[in-house]
>>> print(open('my_file-v3.tsv').read())   # TSV, C-alpha atoms
chain	number	residue	atom	x	y	z
A	172	MET	CA	150.67	95.11	26.93
A	173	ARG	CA	149.46	95.97	23.46
A	174	PHE	CA	149.22	93.11	20.96
A	175	LEU	CA	151.93	94.55	18.68
A	176	GLU	CA	154.27	94.78	21.67
A	177	VAL	CA	153.57	91.16	22.56
A	178	LEU	CA	154.29	89.59	19.17
A	179	PRO	CA	158.11	90.10	19.01
A	180	MET	CA	158.45	88.84	22.60
A	181	VAL	CA	156.38	85.75	21.80
A	182	PHE	CA	158.58	85.01	18.79
A	183	VAL	CA	161.69	85.20	20.96
A	184	MET	CA	160.07	82.87	23.51
A	185	ILE	CA	159.26	80.08	21.05
A	186	ALA	CA	161.98	80.36	18.38
A	187	GLY	CA	164.55	77.59	18.47
A	188	PRO	CA	164.32	74.37	20.51
A	189	GLN	CA	161.04	75.53	22.08
A	190	ILE	CA	158.82	75.29	18.97
A	191	LEU	CA	160.92	72.39	17.70
A	192	SER	CA	160.13	70.49	20.91
A	193	ALA	CA	156.42	71.25	20.47
A	194	ILE	CA	156.55	69.82	16.93
A	195	PHE	CA	158.47	66.72	18.07
A	196	LEU	CA	155.93	66.07	20.82
A	197	ALA	CA	153.04	66.56	18.37
A	198	THR	CA	154.54	63.77	16.25
A	199	SER	CA	155.25	61.48	19.22
A	200	ARG	CA	153.27	58.33	20.06
A	201	ASN	CA	151.21	59.80	22.90
A	202	TRP	CA	151.03	63.24	21.30
A	203	ARG	CA	147.80	64.51	22.89
A	204	ARG	CA	148.89	64.00	26.51
A	205	ASN	CA	152.50	64.97	25.78
A	206	SER	CA	151.54	68.23	24.09
A	207	ALA	CA	149.08	69.14	26.85
A	208	ALA	CA	151.68	68.40	29.54
A	209	PHE	CA	154.32	70.44	27.70
A	210	VAL	CA	152.05	73.49	27.41
A	211	GLY	CA	150.94	73.07	31.05
A	212	GLY	CA	154.53	73.06	32.30
A	213	ALA	CA	155.30	76.09	30.15
A	214	ALA	CA	152.28	77.98	31.52
A	215	ILE	CA	153.41	77.53	35.12
A	216	SER	CA	157.05	78.47	34.58
A	217	ILE	CA	156.42	81.50	32.34
A	218	SER	CA	153.82	82.88	34.75
A	219	LEU	CA	156.16	82.29	37.70
A	220	VAL	CA	159.16	84.05	36.16
A	221	VAL	CA	157.11	87.02	34.93
A	222	ALA	CA	155.49	87.42	38.37
A	223	VAL	CA	158.81	87.25	40.24
A	224	ALA	CA	160.43	89.74	37.85
A	225	TYR	CA	157.44	92.06	38.26
A	226	GLU	CA	157.55	91.99	42.07
A	227	VAL	CA	161.33	92.48	42.20
A	228	SER	CA	161.31	95.30	39.65
A	229	ALA	CA	158.43	97.06	41.39
A	230	GLY	CA	160.60	97.50	44.48
A	231	VAL	CA	163.70	98.74	42.69
A	232	THR	CA	164.36	102.36	41.82
A	233	GLU	CA	165.59	102.76	38.26
A	234	GLN	CA	169.11	104.12	37.82
A	235	GLU	CA	169.66	105.50	34.31
A	236	PRO	CA	173.50	105.32	34.10
A	237	SER	CA	173.64	101.68	35.23
A	238	ASN	CA	170.83	100.73	32.84
A	239	THR	CA	172.72	102.33	29.95
A	240	THR	CA	175.92	100.50	30.85
A	241	LEU	CA	174.07	97.20	31.18
A	242	SER	CA	172.36	97.67	27.80
A	243	ALA	CA	175.74	98.37	26.16
A	244	ILE	CA	177.27	95.22	27.70
A	245	VAL	CA	174.30	93.13	26.60
A	246	LEU	CA	174.53	94.57	23.08
A	247	VAL	CA	178.21	93.62	22.76
A	248	ALA	CA	177.51	90.13	24.10
A	249	LEU	CA	174.67	89.65	21.62
A	250	VAL	CA	176.82	90.70	18.66
A	251	LEU	CA	179.52	88.21	19.75
A	252	ALA	CA	176.86	85.50	20.15
A	253	MET	CA	175.55	86.22	16.66
A	254	ILE	CA	179.04	85.90	15.18
A	255	HIS	CA	179.67	82.66	17.11
A	256	THR	CA	176.34	81.18	15.94
A	257	TYR	CA	177.22	81.89	12.31
A	258	LEU	CA	180.76	80.52	12.54
A	259	THR	CA	179.64	77.28	14.21
A	260	ARG	CA	176.51	76.73	12.07
A	261	GLU	CA	178.02	73.68	10.30
A	262	THR	CA	179.18	71.92	13.48
A	263	SER	CA	176.33	72.73	15.89
A	264	GLU	CA	174.18	69.79	16.99
A	265	PRO	CA	170.73	69.67	18.64
A	266	PRO	CA	170.61	69.00	22.41
A	267	ARG	CA	170.79	65.33	23.41
A	268	TRP	CA	167.40	65.42	25.11
A	269	MET	CA	165.73	66.04	21.73
A	270	GLY	CA	166.44	62.43	20.85
A	271	LYS	CA	164.01	61.39	23.61
A	272	LEU	CA	161.05	63.43	22.38
A	273	GLU	CA	159.56	60.89	19.98
A	274	THR	CA	159.23	58.38	22.83
A	275	ALA	CA	158.50	60.99	25.54
A	276	THR	CA	156.07	60.47	28.41
A	277	PRO	CA	153.64	63.13	29.74
A	278	ARG	CA	155.79	63.49	32.87
A	279	PHE	CA	158.92	64.14	30.79
A	280	SER	CA	156.96	66.56	28.57
A	281	PHE	CA	155.69	68.53	31.57
A	282	ARG	CA	159.17	68.80	33.05
A	283	LEU	CA	160.57	69.85	29.67
A	284	GLY	CA	157.93	72.55	29.23
A	285	PHE	CA	158.56	73.88	32.74
A	286	LEU	CA	162.37	73.98	32.46
A	287	LEU	CA	162.70	74.94	28.79
A	288	MET	CA	160.15	77.77	28.75
A	289	GLY	CA	160.99	79.06	32.21
A	290	PHE	CA	164.75	78.80	32.42
A	291	PHE	CA	166.21	78.59	28.89
A	292	PRO	CA	168.47	81.71	28.58
A	293	THR	CA	166.41	83.57	25.95
A	294	ASP	CA	163.14	82.66	27.65
A	295	ILE	CA	164.09	83.75	31.14
A	296	LEU	CA	165.49	87.02	29.73
A	297	THR	CA	162.26	87.66	27.82
A	298	SER	CA	159.96	86.83	30.74
A	299	VAL	CA	162.05	89.03	33.05
A	300	ALA	CA	161.90	91.82	30.45
A	301	VAL	CA	158.10	91.59	30.31
A	302	GLY	CA	157.72	91.65	34.11
A	303	SER	CA	160.18	94.54	34.45
A	304	TYR	CA	158.50	96.46	31.62
A	305	LEU	CA	155.11	96.28	33.33
A	306	ALA	CA	156.49	97.20	36.76
A	307	ALA	CA	158.42	100.19	35.37
A	308	ARG	CA	155.19	101.58	33.90
A	309	ASP	CA	153.10	100.92	37.03
A	310	ALA	CA	150.95	98.54	35.01
A	311	SER	CA	149.06	95.61	36.50
A	312	LEU	CA	150.62	92.16	36.49
A	313	LEU	CA	147.43	91.03	34.73
A	314	ASP	CA	148.64	92.95	31.66
A	315	ALA	CA	151.11	90.10	31.12
A	316	ILE	CA	148.23	87.71	30.33
A	317	PRO	CA	148.19	88.44	26.55
A	318	PHE	CA	151.93	87.69	26.35
A	319	ILE	CA	151.55	84.41	28.26
A	320	LEU	CA	148.46	83.28	26.33
A	321	CYS	CA	149.98	84.10	22.93
A	322	THR	CA	153.12	82.14	23.82
A	323	LEU	CA	151.09	79.12	24.94
A	324	LEU	CA	148.91	79.32	21.82
A	325	VAL	CA	151.94	79.17	19.53
A	326	LEU	CA	153.35	76.22	21.50
A	327	ALA	CA	150.02	74.43	21.11
A	328	LEU	CA	149.75	75.12	17.36
A	329	PRO	CA	151.45	71.86	16.23
A	330	SER	CA	148.99	69.71	18.21
A	331	LEU	CA	146.04	71.96	17.27
A	332	THR	CA	147.05	71.59	13.62
A	333	LEU	CA	146.89	67.81	14.03
A	334	VAL	CA	143.42	68.06	15.52
A	335	ALA	CA	142.18	70.35	12.75
A	336	PHE	CA	143.86	68.86	9.67
A	337	SER	CA	144.74	65.30	10.72
A	338	GLU	CA	146.33	63.51	7.72
A	339	ARG	CA	147.64	66.70	6.09
A	340	ALA	CA	149.24	67.77	9.36
A	341	GLU	CA	150.81	64.32	9.81
A	342	THR	CA	152.61	64.86	6.49
A	343	PHE	CA	153.51	68.51	7.05
A	344	LEU	CA	154.74	68.49	10.66
A	345	PRO	CA	157.63	66.03	10.17
A	346	LYS	CA	158.83	68.09	7.19
A	347	ALA	CA	158.65	71.29	9.26
A	348	ARG	CA	160.48	69.55	12.12
A	349	ASN	CA	163.28	68.35	9.83
A	350	TRP	CA	163.68	71.78	8.22
A	351	MET	CA	163.88	73.58	11.57
A	352	ASP	CA	166.28	70.95	12.90
A	353	ALA	CA	168.58	71.42	9.89
A	354	ASN	CA	168.32	75.23	9.89
A	355	SER	CA	168.17	75.97	13.62
A	356	TRP	CA	171.09	78.41	13.33
A	357	ILE	CA	168.95	80.70	11.14
A	358	VAL	CA	166.23	80.77	13.80
A	359	ASN	CA	168.85	81.51	16.47
A	360	GLU	CA	170.22	84.40	14.42
A	361	LEU	CA	166.73	85.90	14.08
A	362	VAL	CA	166.20	85.66	17.85
A	363	ILE	CA	169.54	87.36	18.53
A	364	LEU	CA	168.69	90.09	16.00
A	365	LEU	CA	165.47	90.83	17.90
A	366	PHE	CA	167.39	91.12	21.16
A	367	ILE	CA	169.95	93.42	19.48
A	368	ALA	CA	167.10	95.65	18.26
A	369	MET	CA	165.65	95.74	21.78
A	370	SER	CA	169.06	96.60	23.28
A	371	ILE	CA	169.62	99.42	20.76
A	372	ASN	CA	166.15	100.74	21.54
A	373	ASN	CA	167.00	100.77	25.27
A	374	LEU	CA	170.25	102.66	24.58
A	375	LEU	CA	168.56	105.24	22.38
A	376	GLY	CA	165.50	105.53	24.62
>>> encode(input="my_file-v3.tsv", output="structure tokens")
Amino acid sequence: MRFLEVLPMVFVMIAGPQILSAIFLATSRNWRRNSAAFVGGAAISISLVVAVAYEVSAGVTEQEPSNTTLSAIVLVALVLAMIHTYLTRETSEPPRWMGKLETATPRFSFRLGFLLMGFFPTDILTSVAVGSYLAARDASLLDAIPFILCTLLVLALPSLTLVAFSERAETFLPKARNWMDANSWIVNELVILLFIAMSINNLLG
């Protein structure tokens, strides 16, 4: 996959509770081990989902009418989801498990990275889309490596920032975490907008 094709998919993968979890873990007590475990779990699950989607898609013959119908259904669902996100922006609350991140253990962090990055709705859809995209174009599964590495790099950025900037990062990261926590609905809307753009592109293509 070309780098410019990878970037929007990476943004969809990490936007929302994914990058917020990475920031929380980077500000936790055992942040080095927690962050490494989180990224490690994410690496395994993302690679697994992309590989399975690639193998399944490679053995399926594309059917244009059904793909068009599916894209239209997905587009309608995304528009409804966008409206719902906006209407409930004042009452939405972060997941309960986020309250455990500041006192997380490496084992919990690994499990969170594996489940969140592999099976969160937007993440599994994106990983499946990448695997299917490569299979449909008879590309090698190895072409998914830039997508996986870019996603892992972004997830590691909070902890890498701590390593590089130390005291400055310790001041900045909690502020970034609090802003994203308070404005998570904006991030969700941006993610949905990207999916809407992708669905429209599929319909027109």
>>> residues_around(input="my_file-v3.tsv", residues="A:Phe182", least_positions_apart="4", cutoff="12 Å", atoms="only C-alpha atoms", output="MDAnalysis selection string")
chainID A and resid 175:178 186:187 189:190 293:294 297 318:319 321:326 358:359 361:366
>>> closest_residue(input="my_file-v3.tsv", among="A:Val223, A:Leu375, A:Ala368, A:Ala310", to="A:Leu246", atoms="all atoms listed in the file")
A:Ala368
>>> residues_around(input="my_file-v3.tsv", residues="stretch 193-201 of chain A", least_positions_apart="4", cutoff="7 Å", atoms="only C-alpha atoms", output="ChimeraX atom specification")
/A:189,205-206,272-274,326,329-330,344,348
>>> atom_distance(input="my_file-v3.tsv", atom1="atom CA of A:Gly211", atom2="atom CA of A:Arg267")
22.6 Å
>>> closest_residue(input="my_file-v3.tsv", among="A:Phe209, A:Tyr225, A:Trp356, A:Trp202", to="A:Ala315", atoms="only C-alpha atoms")
A:Tyr225
>>> closest_residue(input="my_file-v3.tsv", among="A:Ala252, A:Val221, A:Gly230, A:Tyr257", to="A:Ile316", atoms="all atoms listed in the file")
A:Val221
>>> residues_around(input="my_file-v3.tsv", residues="A:Leu296", least_positions_apart="6", cutoff="12 Å", atoms="all atoms listed in the file", output="VMD selection string")
chain A and resid 180 183 to 184 217 220 to 221 224 245 288 to 290 302 to 304 362 to 363 366 369
>>> closest_residue(input="my_file-v3.tsv", among="A:Val301, A:Trp268, A:Asn349, A:Val247", to="A:Asp314", atoms="only C-alpha atoms")
A:Val301
>>> atom_distance(input="my_file-v3.tsv", atom1="atom CA of A:Val250", atom2="atom CA of A:Pro292")
15.8 Å
>>> closest_residue(input="my_file-v3.tsv", among="A:Ala213, A:Ala229, A:Ile371, A:Met269", to="A:Asp309", atoms="only C-alpha atoms")
A:Ala229
>>> atom_distance(input="my_file-v3.tsv", atom1="atom CA of A:Gly284", atom2="atom CA of A:Leu320")
14.6 Å
>>> closest_residue(input="my_file-v3.tsv", among="A:Leu258, A:Ser192, A:Arg308, A:Ala335", to="A:Lys271", atoms="all atoms listed in the file")
A:Ser192
